[in-house]
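A.B. asks: Below you will find the structure I want to go over with you.
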Amino acid sequence: MRRINEIFESLQGEGFNTGTPAVFVRFAGCNLACPFCDTDHRPTAEMTDEQIAAAVAQFAPQLVVLTGGEPGLQVSERLVDLLHAGGRKVAIETNGTCPLPANIDWVTVSPKEGSTPVLKAANEVKVVFQVGTDVEKWHTAIKADHYFLQPCSCKNTSETVA
């Protein structure tokens, strides 16, 4: 069983695939505690891989984005296979601290300060930028085809950005 926060359709709003229609599968739970996290981890549903694939099948977009929380804690090769069987391309947005199944089509690593990513390569790296973020560290630590800065809204933290 996987802990799912929500499954919904929207446009990808960040990174390389910005503007692409997608089905988002937001997993609940994370191994980090980022003060700016936009996931409410409380409302969760326990779902099997088959239930997740069936829920995704109700939406038209061909891109499925596994996000969280930290989807790397729960995603399986079987889930990705089921999504592929439904004709979907599977992307993941991860903090990079968990090994991932090899059958994921697009990997976005969003490394966080104070963490040590185990992923050393990805399709894209998206750094959540706050004052003092060492952007160059992530450019050398994780090999990627694309690098992006994601401004931090800091909505869930008392820190203000000048």
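So you can find residues: chains in the structure tokens are A, B, ... in the order shown, residues in each start at 1, and ligands are numbered from 1 in order.
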Name all residues at most 9 Å from A:Leu32 (count only C-alpha atoms; drop same-chain ones fewer than 3 positions away) and give them as a list of chain:residue names.
C.D. replies: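 Listing them by chain and then by number gives A:Gly29, A:Gly69, A:Glu70, A:Asn95, A:Lys112, A:Ser115.
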A.B. asks: Save the residues we just selected, N, CA and C atoms, as a compact mmCIF listing (two decimals), in the first residue's frame?
C.D. replies:
# COMPACT_ATOMS: atom_id res chain seq x y z
N GLY A 29 4.32 11.89 3.07
CA GLY A 29 5.49 11.46 3.83
C GLY A 29 6.78 11.88 3.16
N GLY A 69 5.72 15.55 -0.75
CA GLY A 69 6.51 14.60 0.00
C GLY A 69 7.70 14.09 -0.81
N GLU A 70 8.11 12.90 -0.45
CA GLU A 70 9.22 12.25 -1.16
C GLU A 70 8.72 10.95 -1.77
N ASN A 95 13.82 14.48 -3.88
CA ASN A 95 14.94 15.20 -3.26
C ASN A 95 16.26 14.47 -3.50
N LYS A 112 18.09 19.37 -1.35
CA LYS A 112 17.83 20.30 -0.25
C LYS A 112 19.09 20.48 0.59
N SER A 115 21.02 17.89 3.08
CA SER A 115 20.79 16.50 2.70
C SER A 115 21.94 16.01 1.84
A.B. asks: Could you give me, as a PyMOL selection string, each residue of stretch 62-133 of chain A that DSSP assigns to strand (DSSP E) when run on this structure's backbone?
C.D. replies: chain A and resi 63-67+89-94+106-109+121-129
A.B. asks: I'd like the neighbourhood of A:Asn103 as a list in words, where a residue qualifies if any of its atoms comes within 12 Å (using only C-alpha atoms), though same-chain residues fewer than 4 positions away should be ignored.
C.D. replies: Val75, Ser76, Glu77, Arg78, Leu79, Val80, Asp81, Leu82, Leu83, His84, Lys89, Val90, Ala91, Ile92 and Val107 of chain A
A.B. asks: Would you pick out the contacts of stretch 57-65 of chain A at 10 Å or less, using only C-alpha atoms, so that residues sharing its chain but fewer than 3 positions from it are not included, and give the list as a PyMOL selection string?
C.D. replies: chain A and resi 7-12+17+20-26+51-54+68+71+80+83-84+86-93+105-108
A.B. asks: For the residues selected in the previous step, produce a file with N, CA, C and O atoms as a compact mmCIF listing (two decimals), in the first residue's frame.
C.D. replies:
# COMPACT_ATOMS: atom_id res chain seq x y z
N ILE A 7 -4.38 12.90 -6.02
CA ILE A 7 -4.13 12.66 -7.45
C ILE A 7 -4.98 13.68 -8.19
O ILE A 7 -6.20 13.75 -7.98
N PHE A 8 -4.34 14.48 -9.04
CA PHE A 8 -5.08 15.55 -9.71
C PHE A 8 -4.43 15.89 -11.04
O PHE A 8 -3.29 15.53 -11.30
N GLU A 9 -5.17 16.60 -11.87
CA GLU A 9 -4.69 17.05 -13.17
C GLU A 9 -4.40 18.54 -13.12
O GLU A 9 -5.15 19.31 -12.55
N SER A 10 -3.27 18.92 -13.73
CA SER A 10 -2.91 20.33 -13.81
C SER A 10 -1.84 20.49 -14.90
O SER A 10 -1.46 19.52 -15.54
N LEU A 11 -1.36 21.70 -15.06
CA LEU A 11 -0.21 21.95 -15.91
C LEU A 11 1.04 21.90 -15.05
O LEU A 11 1.03 22.39 -13.92
N GLN A 12 2.10 21.29 -15.59
CA GLN A 12 3.38 21.31 -14.88
C GLN A 12 3.81 22.78 -14.80
O GLN A 12 3.88 23.46 -15.82
N ASN A 17 9.56 20.80 -18.19
CA ASN A 17 8.24 20.49 -18.75
C ASN A 17 7.16 21.50 -18.39
O ASN A 17 5.97 21.18 -18.47
N THR A 20 3.24 21.69 -19.60
CA THR A 20 2.77 20.39 -20.09
C THR A 20 1.62 19.89 -19.21
O THR A 20 1.76 19.85 -17.99
N PRO A 21 0.50 19.50 -19.83
CA PRO A 21 -0.58 18.90 -19.04
C PRO A 21 -0.08 17.62 -18.37
O PRO A 21 0.64 16.83 -19.00
N ALA A 22 -0.45 17.41 -17.12
CA ALA A 22 0.06 16.25 -16.38
C ALA A 22 -0.95 15.80 -15.34
O ALA A 22 -1.79 16.58 -14.88
N VAL A 23 -0.82 14.54 -14.97
CA VAL A 23 -1.53 13.99 -13.82
C VAL A 23 -0.50 13.91 -12.71
O VAL A 23 0.58 13.31 -12.90
N PHE A 24 -0.78 14.53 -11.59
CA PHE A 24 0.14 14.53 -10.46
C PHE A 24 -0.32 13.51 -9.43
O PHE A 24 -1.49 13.51 -9.04
N VAL A 25 0.60 12.66 -9.02
CA VAL A 25 0.36 11.71 -7.94
C VAL A 25 1.24 12.19 -6.79
O VAL A 25 2.46 12.07 -6.84
N ARG A 26 0.60 12.79 -5.78
CA ARG A 26 1.34 13.36 -4.66
C ARG A 26 1.36 12.35 -3.51
O ARG A 26 0.34 12.05 -2.91
N GLN A 51 -4.72 0.53 -7.82
CA GLN A 51 -5.66 1.62 -7.56
C GLN A 51 -5.11 2.96 -8.03
O GLN A 51 -5.85 3.78 -8.58
N ILE A 52 -3.82 3.16 -7.84
CA ILE A 52 -3.19 4.40 -8.32
C ILE A 52 -3.27 4.47 -9.83
O ILE A 52 -3.67 5.49 -10.41
N ALA A 53 -2.92 3.38 -10.52
CA ALA A 53 -2.96 3.35 -11.98
C ALA A 53 -4.39 3.57 -12.48
O ALA A 53 -4.60 4.28 -13.48
N ALA A 54 -5.37 2.99 -11.80
CA ALA A 54 -6.77 3.17 -12.20
C ALA A 54 -7.21 4.62 -12.01
O ALA A 54 -7.94 5.18 -12.85
N GLY A 68 5.66 14.73 -4.14
CA GLY A 68 5.37 14.51 -2.73
C GLY A 68 5.41 15.81 -1.96
O GLY A 68 5.29 16.87 -2.54
N PRO A 71 8.43 10.97 -3.09
CA PRO A 71 7.91 9.77 -3.75
C PRO A 71 8.92 8.62 -3.77
O PRO A 71 8.52 7.46 -3.85
N VAL A 80 5.38 1.93 -11.78
CA VAL A 80 5.80 2.58 -13.03
C VAL A 80 5.40 1.72 -14.23
O VAL A 80 4.91 2.23 -15.24
N LEU A 83 1.73 2.19 -14.92
CA LEU A 83 1.48 3.48 -15.57
C LEU A 83 1.91 3.44 -17.03
O LEU A 83 1.20 3.95 -17.91
N HIS A 84 3.05 2.82 -17.31
CA HIS A 84 3.50 2.66 -18.70
C HIS A 84 2.49 1.83 -19.49
O HIS A 84 2.20 2.13 -20.65
N GLY A 86 -0.55 1.77 -19.20
CA GLY A 86 -1.67 2.65 -19.52
C GLY A 86 -1.31 3.72 -20.53
O GLY A 86 -2.08 4.66 -20.75
N GLY A 87 -0.13 3.62 -21.13
CA GLY A 87 0.29 4.57 -22.16
C GLY A 87 0.86 5.87 -21.62
O GLY A 87 0.93 6.86 -22.34
N ARG A 88 1.27 5.87 -20.37
CA ARG A 88 1.76 7.11 -19.75
C ARG A 88 3.28 7.19 -19.74
O ARG A 88 3.97 6.18 -19.65
N LYS A 89 3.78 8.41 -19.80
CA LYS A 89 5.19 8.71 -19.54
C LYS A 89 5.27 9.08 -18.07
O LYS A 89 4.43 9.84 -17.58
N VAL A 90 6.26 8.56 -17.36
CA VAL A 90 6.34 8.75 -15.92
C VAL A 90 7.55 9.62 -15.55
O VAL A 90 8.69 9.29 -15.89
N ALA A 91 7.25 10.71 -14.86
CA ALA A 91 8.28 11.60 -14.34
C ALA A 91 8.21 11.57 -12.82
O ALA A 91 7.17 11.25 -12.24
N ILE A 92 9.33 11.89 -12.18
CA ILE A 92 9.35 11.95 -10.72
C ILE A 92 10.07 13.21 -10.30
O ILE A 92 11.03 13.64 -10.94
N GLU A 93 9.57 13.83 -9.23
CA GLU A 93 10.22 14.96 -8.58
C GLU A 93 10.66 14.47 -7.22
O GLU A 93 9.83 14.14 -6.37
N ASP A 105 10.84 7.54 -16.62
CA ASP A 105 11.23 8.20 -17.87
C ASP A 105 11.96 9.53 -17.68
O ASP A 105 12.81 9.89 -18.50
N TRP A 106 11.62 10.27 -16.64
CA TRP A 106 12.18 11.62 -16.45
C TRP A 106 12.39 11.83 -14.95
O TRP A 106 11.44 11.70 -14.17
N VAL A 107 13.61 12.16 -14.57
CA VAL A 107 13.93 12.36 -13.15
C VAL A 107 14.32 13.82 -12.92
O VAL A 107 15.25 14.33 -13.55
N THR A 108 13.59 14.46 -12.02
CA THR A 108 13.92 15.79 -11.55
C THR A 108 14.39 15.65 -10.11
O THR A 108 13.65 15.17 -9.26
A.B. asks: For stretch 31-72 of chain A versus stretch 145-152 of chain A, which residues have an atom no more than 12 Å away, and what is each residue's nearest atom pair and distance in Å rounded to one decimal, using only C-alpha atoms, chain-then-number order, as a tab-separated table?
C.D. replies:
residue	atom	partner	partner_atom	distance
A:Cys34	CA	A:Cys152	CA	11.2
A:Pro35	CA	A:Cys152	CA	10.4
A:Phe36	CA	A:Cys152	CA	7.3
A:Cys37	CA	A:Cys152	CA	9.7
A:Asp38	CA	A:Cys152	CA	10.7
A.B. asks: Return as a ChimeraX atom specification the full set of residues in stretch 31-96 of chain A whose backbone-based DSSP assignment is helix (DSSP H, G or I).
C.D. replies: /A:49-56,71-73,77-85
A.B. asks: Rank nothing, just name the residue among A:Gly15, A:Gly72, A:Gly114, A:Gly96 nearest to A:Ala28, using only C-alpha atoms.
C.D. replies: A:Gly72
A.B. asks: What is the atom CA of A:Gly13-atom CA of A:Pro99 distance in Å, reported with one decimal?
C.D. replies: 25.0 Å
A.B. asks: Calculate how many Å separate atom CA of A:Thr39 from atom CA of A:Arg2, rounding to one decimal.
C.D. replies: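 Taking atom CA of A:Thr39 and atom CA of A:Arg2, their separation equals 16.0 Å.
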A.B. asks: To one decimal place, how far is atom CA of A:Leu119 from atom CA of A:Glu50 in Å?
C.D. replies: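 Separation between atom CA of A:Leu119 and atom CA of A:Glu50: 27.2 Å.
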